[in-house]
Structure formats: structure tokens, C-alpha cells
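> Have a peek at input-v4.txt (compact mmCIF, C-alpha atoms).
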```txt
# COMPACT_ATOMS: atom_id res chain seq x y z
CA MET A 1 6.75 -11.62 -15.61
CA GLN A 2 2.95 -11.59 -15.63
CA ALA A 3 2.83 -15.16 -16.98
CA VAL A 4 5.03 -16.43 -14.17
CA TYR A 5 2.81 -14.93 -11.48
CA GLN A 6 -0.26 -16.23 -13.31
CA LYS A 7 0.97 -19.78 -12.58
CA MET A 8 0.95 -19.10 -8.86
CA GLY A 9 -2.41 -17.35 -9.05
CA ASP A 10 -3.95 -20.32 -10.87
CA ALA A 11 -2.44 -22.76 -8.37
CA LEU A 12 -3.84 -20.86 -5.39
CA LEU A 13 -7.26 -20.58 -7.03
CA SER A 14 -7.32 -24.32 -7.72
CA THR A 15 -7.11 -25.13 -3.99
CA GLY A 16 -10.63 -23.82 -3.46
CA ARG A 17 -9.45 -22.13 -0.27
CA PRO A 18 -9.38 -18.40 0.56
CA ILE A 19 -5.69 -17.46 0.36
CA VAL A 20 -4.22 -13.97 0.23
CA PHE A 21 -1.86 -13.70 -2.74
CA SER A 22 0.88 -11.10 -2.17
CA VAL A 23 3.09 -10.33 -5.16
CA CYS A 24 6.55 -9.15 -4.11
CA GLN A 25 8.64 -8.14 -7.11
CA TYR A 26 9.42 -4.57 -6.01
CA GLY A 27 7.16 -2.66 -8.38
CA LEU A 28 8.81 -3.88 -11.57
CA ALA A 29 6.99 -3.96 -14.93
CA ASP A 30 4.14 -1.73 -13.68
CA VAL A 31 2.84 -4.60 -11.54
CA TRP A 32 -0.18 -2.55 -10.37
CA LYS A 33 -1.55 -2.67 -13.92
CA TRP A 34 -1.70 -6.47 -14.20
CA ALA A 35 -1.48 -7.94 -10.70
CA PRO A 36 -5.28 -8.15 -10.21
CA GLU A 37 -5.53 -10.16 -13.43
CA VAL A 38 -3.29 -12.89 -11.98
CA GLY A 39 -5.36 -12.98 -8.79
CA ALA A 40 -3.10 -10.85 -6.58
CA ASN A 41 -4.61 -9.14 -3.56
CA LEU A 42 -1.61 -6.89 -2.93
CA TRP A 43 1.61 -6.06 -4.70
CA ARG A 44 4.77 -4.32 -3.65
CA THR A 45 5.15 -0.97 -5.36
CA GLY A 46 8.90 -0.44 -4.86
CA GLY A 47 12.06 -1.46 -3.07
CA ASP A 48 12.47 -2.46 0.57
CA ILE A 49 11.68 0.06 3.29
CA SER A 50 14.06 0.75 6.17
CA ASP A 51 13.49 2.28 9.59
CA SER A 52 14.39 5.85 8.68
CA TRP A 53 12.51 9.04 7.92
CA GLU A 54 14.16 9.30 4.52
CA SER A 55 13.14 5.80 3.45
CA MET A 56 9.62 5.90 4.85
CA SER A 57 8.76 9.36 3.53
CA ARG A 58 10.28 8.76 0.10
CA ILE A 59 8.30 5.56 -0.35
CA GLY A 60 5.07 6.71 1.27
CA PHE A 61 4.71 10.12 -0.32
CA GLY A 62 5.71 8.62 -3.66
CA GLN A 63 2.54 6.51 -3.84
CA ASN A 64 0.26 9.31 -5.03
CA PRO A 65 0.26 8.33 -8.74
CA LEU A 66 -0.83 4.77 -7.91
CA ALA A 67 -4.16 5.71 -6.33
CA PRO A 68 -6.27 4.63 -9.35
CA TYR A 69 -5.09 1.02 -8.97
CA ALA A 70 -6.27 0.47 -5.39
CA ARG A 71 -9.73 -0.99 -4.79
CA PRO A 72 -11.40 -3.54 -2.52
CA GLY A 73 -9.47 -6.80 -2.63
CA HIS A 74 -6.54 -5.31 -4.56
CA TRP A 75 -4.03 -3.09 -2.83
CA ASN A 76 -0.85 -1.13 -3.47
CA ASP A 77 1.73 -2.30 -0.91
CA PRO A 78 4.47 0.22 -0.05
CA ASP A 79 6.02 -2.40 2.30
CA MET A 80 5.64 -3.28 5.95
CA LEU A 81 5.49 -0.87 8.88
CA GLU A 82 8.73 0.05 10.65
CA ILE A 83 6.90 1.45 13.67
CA GLY A 84 8.70 0.55 16.90
CA ASN A 85 12.03 -0.54 15.45
CA GLY A 86 13.78 2.35 17.14
CA HIS A 87 15.28 4.59 14.48
CA MET A 88 12.45 7.11 14.13
CA THR A 89 10.65 9.23 16.71
CA ASP A 90 7.10 8.56 17.88
CA THR A 91 6.06 11.66 15.90
CA GLU A 92 7.55 10.14 12.74
CA TYR A 93 5.93 6.80 13.49
CA ARG A 94 2.52 8.51 13.76
CA THR A 95 3.19 10.01 10.34
CA HIS A 96 4.10 6.52 9.07
CA MET A 97 0.86 5.02 10.40
CA SER A 98 -1.24 7.93 9.13
CA LEU A 99 0.26 7.89 5.64
CA TRP A 100 -0.10 4.12 5.21
CA SER A 101 -3.72 4.40 6.38
CA MET A 102 -4.45 7.19 3.91
CA LEU A 103 -2.94 4.94 1.22
CA ALA A 104 -5.27 2.04 2.10
CA ALA A 105 -2.02 0.08 2.42
CA PRO A 106 -1.66 -3.29 4.17
CA LEU A 107 -0.76 -2.69 7.84
CA ILE A 108 1.85 -5.35 8.55
CA ALA A 109 3.70 -4.76 11.83
CA GLY A 110 7.44 -5.15 11.39
CA ASN A 111 8.47 -4.74 15.02
CA ASP A 112 8.77 -7.20 17.91
CA VAL A 113 5.31 -6.85 19.45
CA ARG A 114 6.44 -8.74 22.57
CA THR A 115 8.68 -5.91 23.70
CA MET A 116 7.10 -2.75 22.30
CA SER A 117 6.57 0.29 24.50
CA ALA A 118 3.17 1.62 25.49
CA SER A 119 3.56 4.55 23.10
CA ILE A 120 4.30 2.25 20.16
CA ARG A 121 1.37 0.04 21.09
CA ASP A 122 -0.89 3.10 21.13
CA ILE A 123 0.27 4.03 17.61
CA LEU A 124 -0.22 0.56 16.15
CA LEU A 125 -3.57 -0.02 17.88
CA ASN A 126 -5.21 3.36 17.29
CA ARG A 127 -8.62 2.11 16.23
CA GLU A 128 -9.69 5.41 14.69
CA VAL A 129 -6.66 5.47 12.41
CA ILE A 130 -7.00 1.77 11.57
CA ALA A 131 -10.62 2.48 10.59
CA ILE A 132 -9.36 4.90 7.94
CA ASP A 133 -7.02 2.26 6.52
CA GLN A 134 -9.70 -0.42 6.58
CA ASP A 135 -12.52 1.69 5.14
CA LYS A 136 -14.62 -0.58 2.96
CA SER A 137 -14.73 1.85 0.02
CA GLY A 138 -11.15 0.81 -0.67
CA ARG A 139 -10.26 4.16 -2.23
CA GLN A 140 -6.67 5.30 -1.80
CA GLY A 141 -6.06 8.84 -0.61
CA THR A 142 -4.33 11.44 -2.76
CA ARG A 143 -2.37 14.66 -2.35
CA VAL A 144 -4.70 17.62 -2.92
CA TRP A 145 -2.65 20.58 -1.68
CA GLN A 146 1.04 21.35 -1.25
CA SER A 147 3.07 24.35 -0.19
CA GLY A 148 6.78 23.74 0.19
CA GLN A 149 7.24 20.82 2.56
CA GLN A 150 3.69 20.93 3.89
CA GLU A 151 0.94 19.01 2.14
CA VAL A 152 -2.66 17.87 2.56
CA TRP A 153 -4.00 14.48 1.51
CA THR A 154 -7.66 13.46 1.50
CA ARG A 155 -9.42 10.13 1.30
CA PRO A 156 -13.18 9.72 0.72
CA LEU A 157 -14.78 7.24 3.10
CA ALA A 158 -17.68 4.87 2.63
CA ASN A 159 -20.11 6.68 4.93
CA GLY A 160 -19.59 10.03 3.23
CA ASP A 161 -16.94 11.32 5.64
CA THR A 162 -13.51 12.42 4.45
CA ALA A 163 -10.15 11.66 6.02
CA VAL A 164 -7.83 14.66 5.89
CA ALA A 165 -4.12 14.35 6.67
CA VAL A 166 -2.00 17.47 7.09
CA PHE A 167 1.66 16.49 6.78
CA ASN A 168 4.74 18.54 7.64
CA ARG A 169 7.75 17.00 5.93
CA ALA A 170 10.07 19.72 7.25
CA GLY A 171 12.15 19.17 10.36
CA GLU A 172 10.76 22.25 12.10
CA ASN A 173 7.26 22.81 13.46
CA ALA A 174 4.90 24.55 11.05
CA LYS A 175 1.52 26.26 10.99
CA VAL A 176 -0.37 25.03 7.94
CA THR A 177 -3.40 26.91 6.63
CA PHE A 178 -5.45 25.62 3.72
CA GLN A 179 -8.89 26.18 2.26
CA TRP A 180 -11.37 23.33 2.60
CA LYS A 181 -12.36 23.83 -1.04
CA ASP A 182 -8.72 23.28 -2.06
CA ALA A 183 -8.93 19.93 -0.27
CA GLY A 184 -11.94 18.99 -2.39
CA ILE A 185 -14.44 19.71 0.37
CA ALA A 186 -17.00 22.16 -1.00
CA ASN A 187 -18.49 23.29 2.31
CA PRO A 188 -16.70 23.75 5.63
CA PRO A 189 -17.19 20.59 7.74
CA SER A 190 -19.70 20.59 10.57
CA HIS A 191 -17.81 17.90 12.50
CA ILE A 192 -14.04 17.55 12.82
CA ARG A 193 -12.42 14.72 14.77
CA ASP A 194 -8.65 14.65 15.50
CA LEU A 195 -7.73 10.96 15.31
CA TRP A 196 -4.47 11.17 17.27
CA SER A 197 -5.64 13.38 20.13
CA HIS A 198 -9.07 11.68 20.08
CA THR A 199 -10.77 15.06 20.42
CA GLU A 200 -13.55 16.92 18.65
CA GLN A 201 -12.32 20.12 17.03
CA LYS A 202 -14.35 23.29 16.73
CA PRO A 203 -15.47 23.82 13.13
CA GLY A 204 -14.29 27.10 11.67
CA GLY A 205 -14.84 28.94 8.44
CA PRO A 206 -13.65 28.21 4.92
CA ALA A 207 -10.03 27.68 6.03
CA TRP A 208 -8.33 25.39 8.55
CA LEU A 209 -5.19 26.06 10.53
CA ALA A 210 -3.19 23.08 11.77
CA GLU A 211 -0.11 23.29 13.96
CA VAL A 212 2.00 20.35 12.86
CA PRO A 213 5.27 19.24 14.48
CA GLY A 214 8.36 18.66 12.38
CA HIS A 215 8.02 15.37 10.46
CA GLY A 216 4.55 15.17 11.97
CA VAL A 217 0.91 14.93 10.97
CA VAL A 218 -2.55 16.07 11.97
CA LEU A 219 -5.08 13.44 10.93
CA LEU A 220 -8.74 14.44 10.81
CA ARG A 221 -12.04 12.80 10.04
CA VAL A 222 -14.55 15.36 8.82
CA ASP A 223 -18.14 15.53 7.63
```
Turn this file's structure into C-alpha cells for me.

Amino acid sequence: MQAVYQKMGDALLSTGRPIVFSVCQYGLADVWKWAPEVGANLWRTGGDISDSWESMSRIGFGQNPLAPYARPGHWNDPDMLEIGNGHMTDTEYRTHMSLWSMLAAPLIAGNDVRTMSASIRDILLNREVIAIDQDKSGRQGTRVWQSGQQEVWTRPLANGDTAVAVFNRAGENAKVTFQWKDAGIANPPSHIRDLWSHTEQKPGGPAWLAEVPGHGVVLLRVD
């Protein structure tokens, strides 16, 4: 399989033009291990996504082991965004956008942008969340804490900040408390920015309490 994709990579390189090479073979043959060698910029890591919580969460939260293979110019691709296609709630779509951004995944809109609602537009065009996805360090976020169906992911950012996503995979609202040190942050942050409410949060002590809706997320940028 690698040799076949090498032919395409060589052909694109020979044009002398900047062309994004996306390998779509559904994560077969550990593609993330050899795709950069054939010139790929992104590669699908699994099967097709569908517009459902089950599909999105299974694919998205299953990307954790692939973090070492993401870097600038070479990306794990868990498939396009389903945001706005109508079969998930806005809360679930915010989780979708947050998780893909923590994964440094390509953000490819899969909805009809001509007819999207204002709330869907606000999700897709949240500049603070997009900035997490597009951070130039290119490091993929990872799961650092889990208790039942609640989990915390962190992603180190180029300027020294850290993105922190508190996910609630349960259907009911949950209060999630975790220690900053368990999230890999040695000292309690002095600045905490909520990227969905666009508000500054009051720094606390060594622990953080997040109230997270069912199937929802609290996405923070801290330093």
C-alpha cells in the first residue's frame, strides 16, 4: 500500500507546485507510520464519520494513541466535521469542534454553509477555538485524566499556554473536579479563558471545578 501512495506523492512533488496531499484509505496498514514518507500532509485514521453522537465520539475520543504521529505539515485526520447537519445538538457540535481542535485535526466543514443557522455559524467560526486547532506547534492533545465518563485532555501551545478540554461523555450534566497537577500543569494557572463563553475565569487553587452539560465540553486556555 505504501508503494502505491508513493507514486502519487512523487507525481505531486514533480509538479513543483504546493499541493496538499490527503491520503484516504481509512487508517489501514498503520498509515500514520508511513504517510509522511510518501509526502502526505494528512491521512484518514479510520472509517467514515456520520452525524451522530455515537459515531463522532467513538472516532474522536479514539484518537488518543495517535498523538505522537501529528506534527506541523503532517496530520491525523479523523474525518470531516458533521457540525450543522442536524442530527446532533449544538452542545454536541461544540464538543465535536473542541475535540477536533484538541486533536490538531483538519477542520473541513461538512455542512451546507449557505443555509446554516447563526448558532452553527458561531460554532464553526469561533476564532478562539480555531486558534487551538491551528496552533503552530502542531502538537496533538492527549487524554490526561479520566473518571467514568468524564475526562480531561490537554494540548501544549506554542506560546507556552495550555489548552484544557473537560469533556462529559455522559448524557446527564456533571460537575467535574480535577487537580491541575493531574492535567500536567505543575502550578495553578494565573489566567483562565473559557473559549466558548468568551469569558475570563477566576483562578482558584490546586483544583478546578467545571460544570459540564451532558455530551458537552468546557474548553479553556490557561497560563
> Around the point (8.1, -4.9, -7.8), in the coordinates given by the file, pick out the residues reaching within 8 Å, counting all atoms listed in the file, and return them as an MDAnalysis selection string.
chainID A and resid 23:31 43:47
> Between CA of Trp180 in chain A and CA of Asp161 in chain A, what is the distance in Å, rounded to a tenth?
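These two atoms are separated by 13.6 Å.
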> Report as a list in words all protein, DNA and RNA residues lying within 9 Å of range 196-204 of chain A, evaluated on only C-alpha atoms, omitting residues in the same chain fewer than 2 positions from it.
Arg94, Ile123, Asn126, Glu128, Val129, Pro188, Pro189, Ser190, His191, Ile192, Arg193, Asp194, Pro206, Ala207, Trp208, Val218, Leu219 and Leu220 of chain A
> Got a sec: who's within 9 Å of range 56-65 of chain A, counting all atoms listed in the file, leaving out chain neighbours fewer than 5 positions off, as a list in words?
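After dropping sequence-adjacent residues, the list is Thr45, Gly46, Gly47, Ile49, Ser50, Asp51, Asn76, Pro78, Asp79, Leu81, Glu82, Thr95, His96, Leu99, Trp100, Leu103, Gln140, Gly141, Thr142, Arg143 and Arg169 of chain A.
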> Which residue, A:Ile120, A:Ala183, A:Val20, A:Ala67, has the smallest gap to Thr91 in chain A when you use all atoms listed in the file?
A:Ile120
> Can you work out the spacing between CA of Gly160 in chain A and CA of Gln134 in chain A in Å, to one decimal?
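Value for the CA of Gly160 in chain A-CA of Gln134 in chain A distance: 14.8 Å.
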> Using Å and a single decimal, report how far CA of Val152 in chain A sits from CA of Gly214 in chain A.
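We find that CA of Gly214 in chain A and CA of Val152 in chain A lie 14.8 Å from each other.
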> Using all atoms listed in the file, which of the listed residues (A:Val164, A:Asp122, A:Gln146, A:Gly39) sits closest to Ser101 in chain A?
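With all atoms listed in the file as the atom set, the closest residue is A:Val164.
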> Calculated over only C-alpha atoms, which of the candidates A:Thr162, A:Glu92, A:Leu107, A:Trp145 has the smallest distance to Val176 in chain A?
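Smallest separation from Val176 in chain A among the options: A:Trp145.
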> How big is the axis-aligned box around the listed atoms of range 85-100 of chain A once 3 Å is added on each side, and where is its centre? Give both in Å to one decimal, as AutoDock Vina command-line options.

```
--center_x 7.0 --center_y 5.6 --center_z 11.5 --size_x 22.5 --size_y 18.2 --size_z 18.7
```
> Find the residues near Arg139 in chain A: any atom within 8 Å, counting all atoms listed in the file, skip ones fewer than 6 places away on the same chain, and give them as a list in words.
Ala67, Ala70, Arg71, Pro72, Ala104, Arg155, Pro156 and Leu157 of chain A
